[in-house]
Amino acid sequence: MSQLSLRPLAGYKSFPGPVVTVIMDGVGMGPKDESDGVHMAYTPVLDTLLQGDLVCSLKAHGKAVGLPSDDDMGNSEVGHNALGAGRIFAQGAKLVNEALHSGNLFQGAAWKEVLKRTENGGTLHFIGMISDGNVHSHVEQLNILLERCVNDQIQKVRVHGLLDGRDVAPKSALKYFVPLEEKLKAMSQDGRDYCMASGGGRMNVTMDRYEADWAIVEKGWQAHVLGVGRGFASACDAIQTYYDEDPEMTDQYMDSFVVERNGTAVGCIEDGDAVILFNFRGDRAIELSKAFDDQDFDGFDRKRRPEVFFAGIMQYDGDAMVPKHYLVEPPAIDRTLGEYLCSAGVTSYAISETQKFGHVTYFWNGNKSGYLDEKLEKYVEIESDRITFDLRPWMKASEITDRVIDTIREGKYKFIRLNYANGDMVGHTGVPASVRIAVETVDLMLGRVLPVLKKAKGIAVITADHGNADCMWTEKNGIKTAMVAHTKNPVPFIVKNFCSVNDFRVTNQTDVGLANVAATVLTLLGYAAPEGYNPSLLQIK
Ligand SMILES: O=C(O)[C@@H](CO)OP(=O)(O)O
Ligand SMILES: [Mn+2]
Ligand SMILES: [Mn+2]
């Protein structure tokens, strides 16, 4: 790690307790109507906190978190990156767009290797999510890649497409798959053979994260690589059949499918092929990347590991080099808050449950896995349930809280950060009764943590990474549709100071967002914002 140094704040006095940052994942500030699950929940603790004097709202979407436009909702990756890095970095969605439009993507070594493979008779496979959610992928980026394949005279292309239904409407897959299959058909001229080969719903097939459930990746491996899964004539046929068989079926939970011709899978992945994973976001792309790249692998039994050239559209973990090959340089997130705190000798504790564990570690630290300094830090993961979270909306919040309370009492860590997954993970199910319980759970947890922190004479920082629970449905012509995606709403930012040693006040700035939080945490810990950081939201009175 480079030598970073922090400048002490003038007039600041040290105090006994810790600074505890609570990220209420997916708890945004909505329209305060019946569709707003945060408003509809009974949240006496949060309501009181919002009446305090160290309170403001923060932008958590679009350009404020490095996304291409303000039409882009926020998400955990960009949200936690901004929280942990204190600055706005151009994110995957934007970097890939730029590399595709400038053509730089096709100048690098990875695309050249793809061409070499295909010139030698290999098939090019694209694996990724087919939607315009712009959280993990964007179908327009795939379209540009496919057009380039035609230009570069690639003969055989297979697309393994994952259904979204989580960043877009719950049953919107055909809106993306119908034109895609048509496009592939139209491209299949002059000896070219392009088509869909396999797929499935993102929460059941391929896109697991943080090793919560390898069986999800195994199912994807079977469909994409081995051609094992229920067979259909086309991807659209598969999707329509699954809808017809179960009217309750939504895209994100759909089973896998394999496209077959004459009873044979059309797109198994074979030795000599090239594979591009076109999802730009890392958390749900790492496990599949490892399944392709790693010689020693114990995630599941791969049965057969083809000798392929595998590339991610970007590198998902720069330190661990996952994957080995990639098409676009990831954002170079440097000088994170974590690095500064370690170099100043400040102890840190990070905790969440599996589904968000990497958010408070890997994303928080600028997409780096593992400790920055094991002597000063402790990272704790509570194992998540393996169910859809509408069925257990309290999730592991109590277990996280128990550990946080113990840690505050123990007094060993000066900076504690935690993520309550409930508002987001339950928000993604779109079940209003469960969303309310999720938000109420978070409120109950705040009600447990704060008195302990008060006794320890610490400071609480309470915020969120983006909205989700704050919109449970949309209504058109009297018909309600579940809204399972994140929102573009701002998020609350609350500081509760239980120690009177320092007196803070909110600086009156407009246009503040998640990237202002890191400098604010530093203010609370007695340090000036490092050069280039977005300014602190607080100053000493
Ligand atoms: O579940 C996920 O992968 C995303 C939504 O695509 O949610 P979050 O950014 O909150 O992790
Ligand atoms: Mn989130
Ligand atoms: Mn989410």
# chains A, B, ... in the order shown; residues from 1 in each chain; ligands from 1
>>> residues_around(residues="segment 309-319 of chain A", least_positions_apart="5", cutoff="8 Å", atoms="only C-alpha atoms", output="ChimeraX atom specification")
/A:92,96,110,113-114,117,272-283,285-286,289,292-293,324-330,367-369
>>> write_last_selection(atoms="N, CA and C atoms", output="short mmCIF file (atom, residue, chain, number, x, y, z; two decimals), in the first residue's frame")
data_model
loop_
_atom_site.label_atom_id
_atom_site.label_comp_id
_atom_site.auth_asym_id
_atom_site.auth_seq_id
_atom_site.Cartn_x
_atom_site.Cartn_y
_atom_site.Cartn_z
N GLY A 92 -18.33 0.99 -14.37
CA GLY A 92 -18.34 0.01 -15.45
C GLY A 92 -19.29 0.36 -16.59
N VAL A 96 -17.48 0.91 -20.17
CA VAL A 96 -17.70 -0.03 -21.27
C VAL A 96 -18.33 0.71 -22.45
N ALA A 110 -7.23 -8.73 -25.77
CA ALA A 110 -8.28 -9.73 -25.53
C ALA A 110 -9.12 -9.96 -26.79
N GLU A 113 -7.27 -11.93 -29.31
CA GLU A 113 -7.22 -13.37 -29.00
C GLU A 113 -8.56 -14.03 -29.37
N VAL A 114 -9.65 -13.29 -29.17
CA VAL A 114 -10.96 -13.80 -29.57
C VAL A 114 -10.96 -14.07 -31.08
N ARG A 117 -8.96 -17.17 -31.97
CA ARG A 117 -9.70 -18.40 -31.68
C ARG A 117 -10.75 -18.69 -32.76
N GLY A 272 -11.07 -24.79 -27.53
CA GLY A 272 -10.76 -23.93 -28.67
C GLY A 272 -11.70 -22.74 -28.82
N ASP A 273 -12.80 -22.71 -28.06
CA ASP A 273 -13.75 -21.61 -28.17
C ASP A 273 -13.26 -20.37 -27.41
N ALA A 274 -13.98 -19.27 -27.62
CA ALA A 274 -13.74 -18.05 -26.82
C ALA A 274 -15.04 -17.72 -26.10
N VAL A 275 -14.90 -17.22 -24.88
CA VAL A 275 -16.08 -16.89 -24.06
C VAL A 275 -15.93 -15.47 -23.52
N ILE A 276 -16.94 -14.65 -23.74
CA ILE A 276 -16.93 -13.30 -23.14
C ILE A 276 -18.10 -13.17 -22.19
N LEU A 277 -17.77 -12.88 -20.94
CA LEU A 277 -18.82 -12.58 -19.96
C LEU A 277 -19.03 -11.07 -20.04
N PHE A 278 -20.20 -10.67 -20.54
CA PHE A 278 -20.36 -9.24 -20.83
C PHE A 278 -21.03 -8.45 -19.71
N ASN A 279 -21.20 -9.06 -18.53
CA ASN A 279 -21.65 -8.29 -17.37
C ASN A 279 -20.45 -7.47 -16.87
N PHE A 280 -20.68 -6.19 -16.63
CA PHE A 280 -19.53 -5.37 -16.19
C PHE A 280 -19.37 -5.34 -14.68
N ARG A 281 -20.43 -5.65 -13.95
CA ARG A 281 -20.32 -5.57 -12.49
C ARG A 281 -19.75 -6.87 -11.91
N GLY A 282 -18.93 -6.71 -10.89
CA GLY A 282 -18.13 -7.84 -10.42
C GLY A 282 -18.79 -8.87 -9.53
N ASP A 283 -19.61 -8.43 -8.56
CA ASP A 283 -20.00 -9.38 -7.51
C ASP A 283 -20.61 -10.66 -8.06
N ALA A 285 -20.31 -11.81 -11.07
CA ALA A 285 -19.57 -12.32 -12.23
C ALA A 285 -18.33 -13.11 -11.80
N ILE A 286 -17.94 -12.95 -10.55
CA ILE A 286 -16.68 -13.54 -10.09
C ILE A 286 -16.73 -15.07 -10.05
N SER A 289 -16.47 -16.61 -13.43
CA SER A 289 -15.11 -16.38 -13.95
C SER A 289 -14.14 -17.40 -13.36
N PHE A 292 -14.36 -20.83 -14.93
CA PHE A 292 -13.65 -20.95 -16.20
C PHE A 292 -12.15 -20.90 -16.03
N ASP A 293 -11.68 -20.02 -15.15
CA ASP A 293 -10.24 -19.73 -15.08
C ASP A 293 -9.44 -20.67 -14.18
N LYS A 324 -8.57 -13.51 -15.52
CA LYS A 324 -7.21 -13.20 -15.98
C LYS A 324 -7.25 -12.26 -17.18
N HIS A 325 -8.21 -12.48 -18.07
CA HIS A 325 -8.29 -11.66 -19.28
C HIS A 325 -9.56 -10.82 -19.26
N TYR A 326 -9.46 -9.61 -19.81
CA TYR A 326 -10.63 -8.72 -19.81
C TYR A 326 -10.50 -7.72 -20.95
N LEU A 327 -11.62 -7.10 -21.29
CA LEU A 327 -11.66 -6.22 -22.46
C LEU A 327 -11.57 -4.74 -22.12
N VAL A 328 -12.00 -4.37 -20.94
CA VAL A 328 -11.99 -2.94 -20.55
C VAL A 328 -11.36 -2.81 -19.17
N GLU A 329 -10.51 -1.81 -19.02
CA GLU A 329 -9.89 -1.56 -17.71
C GLU A 329 -10.97 -1.13 -16.71
N PRO A 330 -11.02 -1.72 -15.55
CA PRO A 330 -11.99 -1.29 -14.54
C PRO A 330 -11.65 0.08 -13.97
N ASN A 367 -13.46 -2.36 -4.87
CA ASN A 367 -13.45 -3.65 -5.59
C ASN A 367 -12.18 -4.45 -5.34
N LYS A 368 -11.73 -4.42 -4.11
CA LYS A 368 -10.59 -5.26 -3.72
C LYS A 368 -11.06 -6.24 -2.65
N SER A 369 -10.72 -7.51 -2.84
CA SER A 369 -11.12 -8.51 -1.85
C SER A 369 -10.06 -8.59 -0.75
#
>>> select_by_dssp(residues="segment 81-289 of chain A", states="strand (DSSP E)", output="PyMOL selection string")
chain A and resi 124-129+156-163+193-201+231-232+257-261+264-265+274-277
>>> residues_around(residues="Thr474 of chain A", least_positions_apart="5", cutoff="8 Å", atoms="only C-alpha atoms", output="list in words")
Ser35, Lys480, Thr481, Ala482 and Met483 of chain A
>>> residues_around(residues="Val449 of chain A", least_positions_apart="2", cutoff="9 Å", atoms="only C-alpha atoms", output="list in words")
Thr401, Asp402, Val404, Ile405, Ile408, Leu444, Met445, Leu446, Gly447, Pro451, Val452, Leu453 and Lys454 of chain A
>>> residues_around(residues="Leu514 of chain A", least_positions_apart="4", cutoff="10 Å", atoms="only C-alpha atoms", output="number ranges by chain")
A: 57-61, 64-65, 78-88, 463-466, 490-491, 493, 518, 534
>>> residues_around(residues="Thr507 of chain A", least_positions_apart="5", cutoff="7 Å", atoms="only C-alpha atoms", output="PyMOL selection string")
chain A and resi 537-539
>>> closest_residue(among="A:Leu524, A:Met425, A:Ala438, A:Ile144", to="ligand 2", atoms="only C-alpha atoms and all ligand atoms")
A:Met425
>>> residues_near_ligand(ligand="ligand 3", cutoff="9 Å", atoms="only C-alpha atoms and all ligand atoms", output="ChimeraX atom specification")
/A:25-26,74-76,166-167,421,423-428,466-468,484-486
>>> write_last_selection(atoms="N, CA and C atoms", output="PDB file, in the first residue's frame")
ATOM      1  N   ASP A  25     -29.382  -0.822   3.426  1.00  0.00           N
ATOM      2  CA  ASP A  25     -29.367  -1.091   1.983  1.00  0.00           C
ATOM      3  C   ASP A  25     -30.777  -0.950   1.400  1.00  0.00           C
ATOM      4  N   GLY A  26     -30.878  -0.148   0.367  1.00  0.00           N
ATOM      5  CA  GLY A  26     -32.154  -0.039  -0.339  1.00  0.00           C
ATOM      6  C   GLY A  26     -33.234   0.760   0.368  1.00  0.00           C
ATOM      7  N   GLY A  74     -29.475   4.008  -8.823  1.00  0.00           N
ATOM      8  CA  GLY A  74     -28.272   3.622  -8.087  1.00  0.00           C
ATOM      9  C   GLY A  74     -28.214   2.126  -7.898  1.00  0.00           C
ATOM     10  N   ASN A  75     -27.099   1.655  -7.410  1.00  0.00           N
ATOM     11  CA  ASN A  75     -27.003   0.237  -7.038  1.00  0.00           C
ATOM     12  C   ASN A  75     -25.905   0.077  -5.989  1.00  0.00           C
ATOM     13  N   SER A  76     -25.807  -1.117  -5.467  1.00  0.00           N
ATOM     14  CA  SER A  76     -24.899  -1.337  -4.328  1.00  0.00           C
ATOM     15  C   SER A  76     -23.439  -1.153  -4.693  1.00  0.00           C
ATOM     16  N   ARG A 166     -35.201  -7.908 -12.230  1.00  0.00           N
ATOM     17  CA  ARG A 166     -34.850  -7.401 -10.891  1.00  0.00           C
ATOM     18  C   ARG A 166     -34.425  -5.935 -10.995  1.00  0.00           C
ATOM     19  N   ASP A 167     -33.752  -5.591 -12.087  1.00  0.00           N
ATOM     20  CA  ASP A 167     -33.409  -4.188 -12.338  1.00  0.00           C
ATOM     21  C   ASP A 167     -34.391  -3.587 -13.337  1.00  0.00           C
ATOM     22  N   ALA A 421     -29.268  -5.689   5.034  1.00  0.00           N
ATOM     23  CA  ALA A 421     -29.664  -5.996   3.649  1.00  0.00           C
ATOM     24  C   ALA A 421     -31.167  -5.878   3.404  1.00  0.00           C
ATOM     25  N   GLY A 423     -33.953  -3.861   3.443  1.00  0.00           N
ATOM     26  CA  GLY A 423     -34.734  -2.964   2.574  1.00  0.00           C
ATOM     27  C   GLY A 423     -34.522  -3.306   1.110  1.00  0.00           C
ATOM     28  N   ASP A 424     -33.313  -3.703   0.781  1.00  0.00           N
ATOM     29  CA  ASP A 424     -32.997  -4.012  -0.613  1.00  0.00           C
ATOM     30  C   ASP A 424     -33.402  -5.422  -1.015  1.00  0.00           C
ATOM     31  N   MET A 425     -32.940  -6.406  -0.278  1.00  0.00           N
ATOM     32  CA  MET A 425     -33.180  -7.796  -0.717  1.00  0.00           C
ATOM     33  C   MET A 425     -34.668  -8.121  -0.699  1.00  0.00           C
ATOM     34  N   VAL A 426     -35.381  -7.591   0.281  1.00  0.00           N
ATOM     35  CA  VAL A 426     -36.825  -7.839   0.313  1.00  0.00           C
ATOM     36  C   VAL A 426     -37.514  -6.924  -0.707  1.00  0.00           C
ATOM     37  N   GLY A 427     -36.980  -5.723  -0.856  1.00  0.00           N
ATOM     38  CA  GLY A 427     -37.505  -4.818  -1.887  1.00  0.00           C
ATOM     39  C   GLY A 427     -37.493  -5.459  -3.268  1.00  0.00           C
ATOM     40  N   HIS A 428     -36.478  -6.260  -3.553  1.00  0.00           N
ATOM     41  CA  HIS A 428     -36.374  -6.921  -4.866  1.00  0.00           C
ATOM     42  C   HIS A 428     -37.431  -8.002  -5.065  1.00  0.00           C
ATOM     43  N   HIS A 466     -28.733   3.347  -1.848  1.00  0.00           N
ATOM     44  CA  HIS A 466     -29.657   3.664  -2.955  1.00  0.00           C
ATOM     45  C   HIS A 466     -31.047   3.314  -2.459  1.00  0.00           C
ATOM     46  N   GLY A 467     -32.052   3.688  -3.196  1.00  0.00           N
ATOM     47  CA  GLY A 467     -33.420   3.337  -2.829  1.00  0.00           C
ATOM     48  C   GLY A 467     -33.833   1.991  -3.391  1.00  0.00           C
ATOM     49  N   ASN A 468     -34.914   1.481  -2.836  1.00  0.00           N
ATOM     50  CA  ASN A 468     -35.550   0.252  -3.351  1.00  0.00           C
ATOM     51  C   ASN A 468     -36.906   0.090  -2.655  1.00  0.00           C
ATOM     52  N   VAL A 484     -39.721  -3.957  -8.489  1.00  0.00           N
ATOM     53  CA  VAL A 484     -38.722  -4.722  -7.738  1.00  0.00           C
ATOM     54  C   VAL A 484     -37.318  -4.116  -7.837  1.00  0.00           C
ATOM     55  N   ALA A 485     -37.182  -3.101  -8.672  1.00  0.00           N
ATOM     56  CA  ALA A 485     -35.848  -2.543  -8.920  1.00  0.00           C
ATOM     57  C   ALA A 485     -35.488  -1.467  -7.890  1.00  0.00           C
ATOM     58  N   HIS A 486     -34.249  -1.001  -7.972  1.00  0.00           N
ATOM     59  CA  HIS A 486     -33.824   0.146  -7.162  1.00  0.00           C
ATOM     60  C   HIS A 486     -34.551   1.391  -7.663  1.00  0.00           C
TER      61      HIS A 486
END
